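Report on one structure; see the data block that follows.
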Amino acid sequence: MNRTSASWVPWLLLLPALVLLVAFTHYPAVATLWHSVFSTARAGASSVFVGAENYRLLLDDPVFWQALRNNLLFALVTVPAAIVLSIVMALWVHRQVPGRALLRLAYFTPAILPMIAVANIWLFFYTPQYGLIAQVSQAFGWGDHNWLGQPGTALAALMIVTIWKEAGFFMIFYLAALQQISPTLAEAASLEGASRWQFFRRVQWPLLMPTTVFVVINAVINAFRLVDHVVVMTRGGPDNATQLLLYYVYQVAFSFWDTSYAAALTVVLLTLLAIVAFVKFRLLDSRTHYQ
Amino acid sequence: MRRTMLKTFAAGLAAVAMSGLTGSAFAQQKPVELQFYYPVAIGGPVTEIINDLVADFEKDHPNIKVKPVYAGSYQDSVVKALTAAKAGTPPQLAVLAAADVFTLIDEDAVVPIDSIANTPADKQWLDGFYPALMLNSRINGHTWGVPFQRSTIVMYWNKDAFREAGLDPEHAPANWDELVSAAQKLTRRDASGNVTQWGIKVPSVGFAYWLFQAFTTPAGIELMNPAGTKTFLNAPQAVQSLQYWVDLTTRYKVMPTGAIEWGTTPKDFLEKKAAIIYTTTGNLTNIRTNASFPFGVGKMPAKVRGGSPTGGGNFYVFKKSTPEEKQAAMTFIKWATTPERAAQFGIDTGYVAVTPAAWETPAMKQYVQKVPAAAVARDQLSVSVAEFSTHDNQRVTKSLNDAIQAAVTGTKSPKQALDDAQREADRILRPYAR
């Protein structure tokens with residue numbers, strides 16, 4: 001094989017992945033950016049270049065700011081909570097406990113259920129008066145609360161569903177990582193007389209760091225692309241209390257048919273996710289020990 | 001650019017197909033094919049009912065093939081139909097929300113019905129529907145939609161609960177004051193003060209703007225002009241209506257605090273957690289099948305007058321269809337709204353049969369004798385108003401929905417909430433108000 005033929009072989013091998021990447025990632029991203037600087041075509045008025053107008057509108061849009069605030073709060077609460085819970089669960093089912101396989105299955109179940117079904121089940125849990133939570137709390141004489149219907153609790157109610165759902169999924173990664181850790185380390189630690197907490201703090205936690213990085217990135221991205229249970233449980237209400245960015249993009253694009261404004265919103269969402277990716281590659285990775 | 005390419009491609013394909021068929025008698029026998037999008041918004045086997053309807057139609061009209069496509073909720077359906085229209089492949093025929101008519105016109109997606117059906121006989125047919133049901137169809141001198149699965153808001157009440165509370169189980173509260181005093185008697189608390197049965201529930205998540213009209217209509221105010229360019233959301237009667245809705249919770253304590261879900265409201269009624277509910281007449285068959293107690297169906301209680309908004313779906317014909325397809329679509333629409341068909345559809349689902357003639361059919365007369373509640377929505381039509389609908393409908397509606405939810409959850413006063421919604425609506429409608 002001579003040099004000229006060799007130079008296109010790698011490109012040919014890359015082609016399938018390259019085509020998919022361009023068609024489904026790069027082209028849509030660039031097209032979105034392009035559309036966001038034009039006005040939306042309506043009957044009688046075609047699309048014209050408007051520069052940053054859609055972004056200026058965005059600055060004055062209270063619903064956008066509320067969605068952004070809600071989303072940041074959502075990520076700040078659900079990500080750490082889901083991670084702590086998943087580690088605790090993984091440590092628990094990693095040990096020799098009776099009914100271990102059943103426990104593992106139980107913890108993982110939320111991850112394999114379809115989101116819409118899950119949201120409908122939780123909708124029933126939260127129903128005032130005869131929902132599961134209402135029945136339990138009434139049995140204890142705590143009264144009744146309209147969890148999804150009050151602006152103060154609606155977002156928290158959605159967060160709990162997300163934590164419940166994500167923790168089981170992340171547990172699998174932590175469980176796999178724990179099983180990768182050599183048992184000799186545990187033996188050495190017990191010879192040294194280390195407590196279980198010291199062993200976790202000094203040995204297991206640092207060795208789990210690569211998994212944690214992976215999980216954090218995924219959890220943050222999931223927090224920003226959440227839409228299913230908002231649709232089923234609250235539709236962004238009451239009064240935008242559970243409005244999240246992706247659901248707002250959907251509303252603007254397909255309910256209001258303001259596609260260029262939706263494109264501007266999408267650019268903001270993409271930028272946020274790009275920042276998350278940047279943080280991963282630049283900050284977390286450099287502090288993480290890989291085996 | 002892309003559209004032209006697609007068109008060229010399609011034209012090429014058509015040319016190939018034609019050349020293969022010319023000269024053969026087959027070309028003329030080829031049936032006209034129609035795509036038909038429809039939504040489902042109530043409980044019950046609606047998909048089956050529609051499939052049967054289409055099968056019956058094809059038996060009568062072998063030269064027309066109708067392909068029914070279930071498209072989700074009303075909101076999903078209009079998204080699907082408009083997305084398809086923008087991609088150049090809309091259905092020829094669809095049932096979509098009557099309130100979405102301005103959106104469909106503004107997106108240039110549909111044709112006026114009277115541009116296809118324009119004979120004197122057609123005019124007579126279009127005049128045969130209940131006038132209230134045509135309010136969301138007739139715009140700028142044209143008729144854009146034909147009533148099909150239409151509804152009004154009705155009140156369902158639990159007769160057992162009325163009897164236990166010492167109320168007359170055969171009579172619904174007739175006005176706002178009676179509603180409050182009945183609901184107060186119907187609200188029951190246990191020893192520790194927790195409510196076991198609420199007097200009334202009016203849902204505020206889902207179709208808040210529509211339920212709001214169940215208060216504003218009796219209060220004597222319409223929320224928009226017929227041209228869909230102006231709203232009157234903070235008119236004194238509208239503020240009074242929202243105040244009354246909020247008072248049911250905060251002042252009279254006969255309705256739970258916070259937003260109430262549309263989807264679980266019928267269940268609350270069936271579980272005896274609410275003695276009175278407001279919901280669509282389309283839920284009649286569902287409640288009739290599942291209620292373990294006798295119940296009544298009533299009109300909206302009056303303030304200065306009675307009345308409810310109409311709601312539900314109309315037939316629309318899409319612009320990007322051939323003349324043959326448009327004619328075939330008209331054939332289907334006329335067939336589906338004949339008195340016998342309209343009556344049968346109303347009996348199967350609970351929706352209001354759309355023409356007075358349908359109520360004169362033997363099947364309907366027999367049904368009303370068995371289920372007198374079915375006639376309540378029809379009787380209410382004489383005092384019904386158009387469903388809230390404007391240009392840029394979903395966006396204006398969202399600002400109204402948000403305002404209602406802000407008021408019922410106590411974050412804003414009714415006046416403040418409606419002032420905000422009106423300001424937002426003015427801003428959105430400015431381009432159309434010229």
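Ligands are numbered from 1 in the order shown, chains are lettered A, B, ... in the order of the structure tokens, and residues start at 1 in each chain.
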
Could you list, as a short mmCIF file (atom, residue, chain, number, x, y, z; two decimals) with C-alpha atoms, in the first residue's frame, the residues of chain B having an atom within 10 Å of chain A when counting only C-alpha atoms?
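So the final result, stored in result_18.cif, reads:
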```cif
data_model
loop_
_atom_site.label_atom_id
_atom_site.label_comp_id
_atom_site.auth_asym_id
_atom_site.auth_seq_id
_atom_site.Cartn_x
_atom_site.Cartn_y
_atom_site.Cartn_z
CA GLN B 75 -52.05 20.42 22.17
CA ASP B 76 -50.03 17.53 20.73
CA VAL B 78 -51.99 20.90 16.68
CA VAL B 79 -48.21 20.61 17.12
CA LYS B 80 -48.15 17.53 14.90
CA LEU B 82 -48.55 22.28 12.05
CA THR B 83 -45.14 20.59 12.05
CA THR B 103 -53.25 29.96 14.90
CA ILE B 105 -55.26 30.85 9.91
CA ASP B 106 -52.14 32.82 10.83
CA GLU B 107 -49.91 29.91 9.91
CA ASP B 108 -51.73 29.76 6.57
CA ALA B 109 -52.38 26.06 7.14
CA SER B 192 -58.92 16.93 64.09
CA GLY B 193 -60.21 19.43 61.55
CA ASN B 194 -58.92 17.73 58.41
CA VAL B 195 -61.32 17.84 55.48
CA THR B 196 -62.69 14.45 54.39
CA GLN B 197 -65.01 15.79 51.69
CA TRP B 198 -64.69 19.12 49.91
CA SER B 204 -56.86 25.16 37.67
CA VAL B 205 -54.06 23.09 36.06
CA GLY B 206 -54.73 22.04 32.47
CA PRO B 256 -58.75 22.95 48.80
CA THR B 257 -55.89 25.45 48.63
CA GLY B 258 -53.44 25.44 45.75
CA ALA B 259 -53.84 24.51 42.11
CA ILE B 260 -56.17 21.60 41.34
CA GLU B 261 -55.25 19.12 38.61
CA GLY B 263 -56.91 15.04 35.15
CA THR B 264 -57.60 13.93 38.73
CA ASP B 268 -61.83 13.11 43.15
CA GLU B 271 -63.69 8.82 45.24
CA LYS B 273 -63.57 13.55 47.97
CA ASP B 392 -51.10 33.84 19.05
CA ASN B 393 -53.57 31.85 21.13
CA GLN B 394 -51.31 29.58 23.16
CA ARG B 395 -49.13 32.44 24.32
CA VAL B 396 -52.01 34.69 25.39
CA LYS B 398 -50.54 30.89 28.97
CA SER B 399 -50.39 34.37 30.46
CA LEU B 400 -54.03 34.02 31.53
CA ASN B 401 -53.42 30.52 32.94
CA ASP B 402 -50.41 31.79 34.89
CA ALA B 403 -52.48 34.67 36.30
CA ILE B 404 -55.25 32.33 37.46
CA GLN B 405 -52.76 29.98 39.10
CA ALA B 406 -50.98 32.89 40.78
CA ALA B 407 -54.31 33.99 42.26
CA VAL B 408 -55.56 30.57 43.41
CA THR B 409 -52.21 29.80 45.04
CA GLY B 410 -52.18 33.19 46.75
CA THR B 411 -49.02 34.68 45.20
#
```

Counting only C-alpha atoms, what is within 9 Å of stretch 95-107 of chain A, bar same-chain residues fewer than 2 positions away, as a PyMOL selection string? chain A and resi 89-93+109-111+167-169+171-172

Which residues are near A:Val267? Cut-off 8 Å, only C-alpha atoms, ignore same chain within fewer than 2 positions. Put them as a list in words. Ala29, Thr32, Leu33, Ser36, Ala263, Ala264, Leu265, Leu269, Leu270 and Thr271 of chain A

Would you give me, as a tab-separated table, each residue of stretch 308-356 of chain B having an atom within 12 Å of an atom of stretch 374-388 of chain B, along with its shortest atom pair and that distance in Å to one decimal, using only C-alpha atoms and sorting by chain and residue number?
```
residue	atom	partner	partner_atom	distance
B:Ser308	CA	B:Ser384	CA	5.0
B:Pro309	CA	B:Val385	CA	4.8
B:Thr310	CA	B:Glu387	CA	5.4
B:Gly311	CA	B:Glu387	CA	5.8
B:Gly312	CA	B:Glu387	CA	9.0
B:Gly313	CA	B:Glu387	CA	11.0
B:Ala343	CA	B:Ala374	CA	11.3
B:Gly346	CA	B:Ala374	CA	8.9
B:Ile347	CA	B:Ala374	CA	8.4
B:Asp348	CA	B:Ala374	CA	11.3
B:Thr349	CA	B:Ala374	CA	10.6
B:Gly350	CA	B:Ala374	CA	7.1
B:Tyr351	CA	B:Ala377	CA	8.6
B:Val352	CA	B:Arg378	CA	6.3
B:Ala353	CA	B:Arg378	CA	7.9
B:Val354	CA	B:Arg378	CA	8.7
B:Thr355	CA	B:Arg378	CA	9.7
B:Pro356	CA	B:Arg378	CA	9.0
```

Nearest to A:Phe173: which of A:Leu155, A:Val203, A:Ala45, A:Val213 is it, counting only C-alpha atoms? A:Val213

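All residues of protein, DNA or RNA that reach within 12 Å of A:Trp65, judged by only C-alpha atoms and not counting those fewer than 3 positions away in the chain, are Leu57, Leu58, Leu59, Asp60, Asp61, Pro62, Leu68, Arg69, Asn70, Asn71, Leu72, Asn240, Ala241, Gln243, Leu244, Leu245, Tyr248, Leu265 and Val268 of chain A.
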
Writer output for current selection, N, CA and C atoms, as a PDB file, in the first residue's frame:
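Wrote part_30.pdb, looks like this:
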```pdb
ATOM      1  N   LEU A  57     -34.844  40.229  23.982  1.00  0.00           N
ATOM      2  CA  LEU A  57     -36.163  39.823  24.488  1.00  0.00           C
ATOM      3  C   LEU A  57     -36.016  38.888  25.679  1.00  0.00           C
ATOM      4  N   LEU A  58     -35.039  38.018  25.540  1.00  0.00           N
ATOM      5  CA  LEU A  58     -34.798  37.010  26.564  1.00  0.00           C
ATOM      6  C   LEU A  58     -34.442  37.653  27.907  1.00  0.00           C
ATOM      7  N   LEU A  59     -33.683  38.763  27.842  1.00  0.00           N
ATOM      8  CA  LEU A  59     -33.302  39.456  29.077  1.00  0.00           C
ATOM      9  C   LEU A  59     -34.524  40.003  29.805  1.00  0.00           C
ATOM     10  N   ASP A  60     -35.567  40.373  29.047  1.00  0.00           N
ATOM     11  CA  ASP A  60     -36.769  40.957  29.655  1.00  0.00           C
ATOM     12  C   ASP A  60     -37.853  39.926  29.941  1.00  0.00           C
ATOM     13  N   ASP A  61     -37.564  38.652  29.701  1.00  0.00           N
ATOM     14  CA  ASP A  61     -38.614  37.634  29.805  1.00  0.00           C
ATOM     15  C   ASP A  61     -38.600  37.013  31.201  1.00  0.00           C
ATOM     16  N   PRO A  62     -39.563  37.376  32.061  1.00  0.00           N
ATOM     17  CA  PRO A  62     -39.541  36.848  33.432  1.00  0.00           C
ATOM     18  C   PRO A  62     -39.651  35.336  33.490  1.00  0.00           C
ATOM     19  N   LEU A  68     -34.645  29.537  34.423  1.00  0.00           N
ATOM     20  CA  LEU A  68     -33.210  29.411  34.669  1.00  0.00           C
ATOM     21  C   LEU A  68     -32.937  29.221  36.163  1.00  0.00           C
ATOM     22  N   ARG A  69     -33.594  30.075  36.987  1.00  0.00           N
ATOM     23  CA  ARG A  69     -33.431  29.950  38.437  1.00  0.00           C
ATOM     24  C   ARG A  69     -33.873  28.574  38.920  1.00  0.00           C
ATOM     25  N   ASN A  70     -35.059  28.163  38.451  1.00  0.00           N
ATOM     26  CA  ASN A  70     -35.577  26.848  38.848  1.00  0.00           C
ATOM     27  C   ASN A  70     -34.593  25.754  38.469  1.00  0.00           C
ATOM     28  N   ASN A  71     -34.035  25.869  37.257  1.00  0.00           N
ATOM     29  CA  ASN A  71     -33.162  24.818  36.740  1.00  0.00           C
ATOM     30  C   ASN A  71     -31.863  24.735  37.543  1.00  0.00           C
ATOM     31  N   LEU A  72     -31.291  25.911  37.877  1.00  0.00           N
ATOM     32  CA  LEU A  72     -30.053  25.925  38.657  1.00  0.00           C
ATOM     33  C   LEU A  72     -30.306  25.324  40.041  1.00  0.00           C
ATOM     34  N   ASN A 240     -45.763  28.926  36.785  1.00  0.00           N
ATOM     35  CA  ASN A 240     -44.359  28.777  36.419  1.00  0.00           C
ATOM     36  C   ASN A 240     -43.448  28.306  37.552  1.00  0.00           C
ATOM     37  N   ALA A 241     -44.016  27.834  38.648  1.00  0.00           N
ATOM     38  CA  ALA A 241     -43.193  27.402  39.779  1.00  0.00           C
ATOM     39  C   ALA A 241     -42.311  26.219  39.408  1.00  0.00           C
ATOM     40  N   GLN A 243     -41.436  25.603  36.100  1.00  0.00           N
ATOM     41  CA  GLN A 243     -40.986  25.832  34.719  1.00  0.00           C
ATOM     42  C   GLN A 243     -39.485  25.547  34.636  1.00  0.00           C
ATOM     43  N   LEU A 244     -39.081  24.657  33.720  1.00  0.00           N
ATOM     44  CA  LEU A 244     -37.668  24.371  33.504  1.00  0.00           C
ATOM     45  C   LEU A 244     -37.307  24.730  32.068  1.00  0.00           C
ATOM     46  N   LEU A 245     -35.989  24.929  31.822  1.00  0.00           N
ATOM     47  CA  LEU A 245     -35.559  25.478  30.531  1.00  0.00           C
ATOM     48  C   LEU A 245     -36.040  24.676  29.327  1.00  0.00           C
ATOM     49  N   TYR A 248     -39.654  25.001  28.640  1.00  0.00           N
ATOM     50  CA  TYR A 248     -39.966  26.323  28.093  1.00  0.00           C
ATOM     51  C   TYR A 248     -39.584  26.391  26.612  1.00  0.00           C
ATOM     52  N   LEU A 265     -33.239  30.541  23.013  1.00  0.00           N
ATOM     53  CA  LEU A 265     -33.287  29.832  24.292  1.00  0.00           C
ATOM     54  C   LEU A 265     -32.407  28.584  24.261  1.00  0.00           C
ATOM     55  N   VAL A 268     -28.804  29.348  24.705  1.00  0.00           N
ATOM     56  CA  VAL A 268     -28.469  29.545  26.119  1.00  0.00           C
ATOM     57  C   VAL A 268     -28.292  28.204  26.816  1.00  0.00           C
TER      58      VAL A 268
END
```

With only C-alpha atoms as the atoms that count, which of A:Leu284, A:Val22, A:Met115, A:Ala52 lies nearest to A:Thr212? A:Leu284

Strand (DSSP E) positions in stretch 109-185 of chain B, given as a PDB file with C-alpha atoms, in the first residue's frame:
```
ATOM      1  CA  VAL B 110     -56.135  25.683   6.511  1.00  0.00           C
ATOM      2  CA  VAL B 111     -58.732  26.821   3.960  1.00  0.00           C
ATOM      3  CA  ARG B 138     -66.863  32.221  11.823  1.00  0.00           C
ATOM      4  CA  ILE B 139     -64.094  34.769  11.383  1.00  0.00           C
ATOM      5  CA  HIS B 142     -65.646  32.900   6.504  1.00  0.00           C
ATOM      6  CA  THR B 143     -66.366  29.564   8.168  1.00  0.00           C
ATOM      7  CA  VAL B 146     -67.056  22.392  11.286  1.00  0.00           C
ATOM      8  CA  PRO B 147     -68.208  21.331  14.806  1.00  0.00           C
ATOM      9  CA  PHE B 148     -67.559  17.671  15.618  1.00  0.00           C
ATOM     10  CA  GLN B 149     -66.509  16.698  19.173  1.00  0.00           C
ATOM     11  CA  ARG B 150     -67.809  19.684  21.081  1.00  0.00           C
ATOM     12  CA  SER B 151     -68.548  20.257  24.729  1.00  0.00           C
ATOM     13  CA  THR B 152     -69.475  22.741  27.423  1.00  0.00           C
ATOM     14  CA  ILE B 153     -68.522  22.862  31.100  1.00  0.00           C
ATOM     15  CA  VAL B 154     -71.097  21.258  33.372  1.00  0.00           C
ATOM     16  CA  MET B 155     -71.378  20.684  37.103  1.00  0.00           C
ATOM     17  CA  TYR B 156     -71.551  17.123  38.411  1.00  0.00           C
ATOM     18  CA  TRP B 157     -72.995  16.672  41.881  1.00  0.00           C
ATOM     19  CA  ASN B 158     -73.193  13.693  44.226  1.00  0.00           C
TER      20      ASN B 158
END
```

Within 8 Å of A:Asp228 using only C-alpha atoms, minus same-chain residues under 4 positions, as a list in words: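 Within the cut-off, the hits are Met115, Ile116, Ala119 and Val232 of chain A.
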
Selected residues written out, all heavy atoms, as a PDB file, in the first residue's frame:
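Printed below is again26.pdb as written:
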```
ATOM      1  N   MET A 115     -40.184   6.922  31.981  1.00  0.00           N
ATOM      2  CA  MET A 115     -40.386   8.160  32.727  1.00  0.00           C
ATOM      3  C   MET A 115     -41.848   8.560  32.861  1.00  0.00           C
ATOM      4  O   MET A 115     -42.291   9.030  33.902  1.00  0.00           O
ATOM      5  CB  MET A 115     -39.633   9.297  32.043  1.00  0.00           C
ATOM      6  CG  MET A 115     -38.182   9.310  32.376  1.00  0.00           C
ATOM      7  SD  MET A 115     -37.929   9.554  34.130  1.00  0.00           S
ATOM      8  CE  MET A 115     -37.686  11.308  34.167  1.00  0.00           C
ATOM      9  N   ILE A 116     -42.606   8.378  31.757  1.00  0.00           N
ATOM     10  CA  ILE A 116     -43.998   8.817  31.778  1.00  0.00           C
ATOM     11  C   ILE A 116     -44.792   8.006  32.798  1.00  0.00           C
ATOM     12  O   ILE A 116     -45.596   8.542  33.565  1.00  0.00           O
ATOM     13  CB  ILE A 116     -44.632   8.678  30.364  1.00  0.00           C
ATOM     14  CG1 ILE A 116     -43.855   9.523  29.345  1.00  0.00           C
ATOM     15  CG2 ILE A 116     -46.087   9.066  30.383  1.00  0.00           C
ATOM     16  CD1 ILE A 116     -43.930  11.014  29.568  1.00  0.00           C
ATOM     17  N   ALA A 119     -43.836   9.143  36.250  1.00  0.00           N
ATOM     18  CA  ALA A 119     -44.444  10.429  36.590  1.00  0.00           C
ATOM     19  C   ALA A 119     -45.912  10.242  36.962  1.00  0.00           C
ATOM     20  O   ALA A 119     -46.416  10.877  37.888  1.00  0.00           O
ATOM     21  CB  ALA A 119     -44.299  11.390  35.427  1.00  0.00           C
ATOM     22  N   VAL A 232     -46.044  15.656  32.568  1.00  0.00           N
ATOM     23  CA  VAL A 232     -47.106  14.833  33.144  1.00  0.00           C
ATOM     24  C   VAL A 232     -47.647  15.427  34.449  1.00  0.00           C
ATOM     25  O   VAL A 232     -48.848  15.457  34.671  1.00  0.00           O
ATOM     26  CB  VAL A 232     -46.599  13.398  33.390  1.00  0.00           C
ATOM     27  CG1 VAL A 232     -47.660  12.566  34.103  1.00  0.00           C
ATOM     28  CG2 VAL A 232     -46.212  12.748  32.080  1.00  0.00           C
TER      29      VAL A 232
END
```

Contacts of B:Val239 at 8 Å or less, counting only C-alpha atoms, minus same-chain residues fewer than 5 places along, as a list in words? Leu233, Asn234, Pro414, Lys415 and Leu418 of chain B
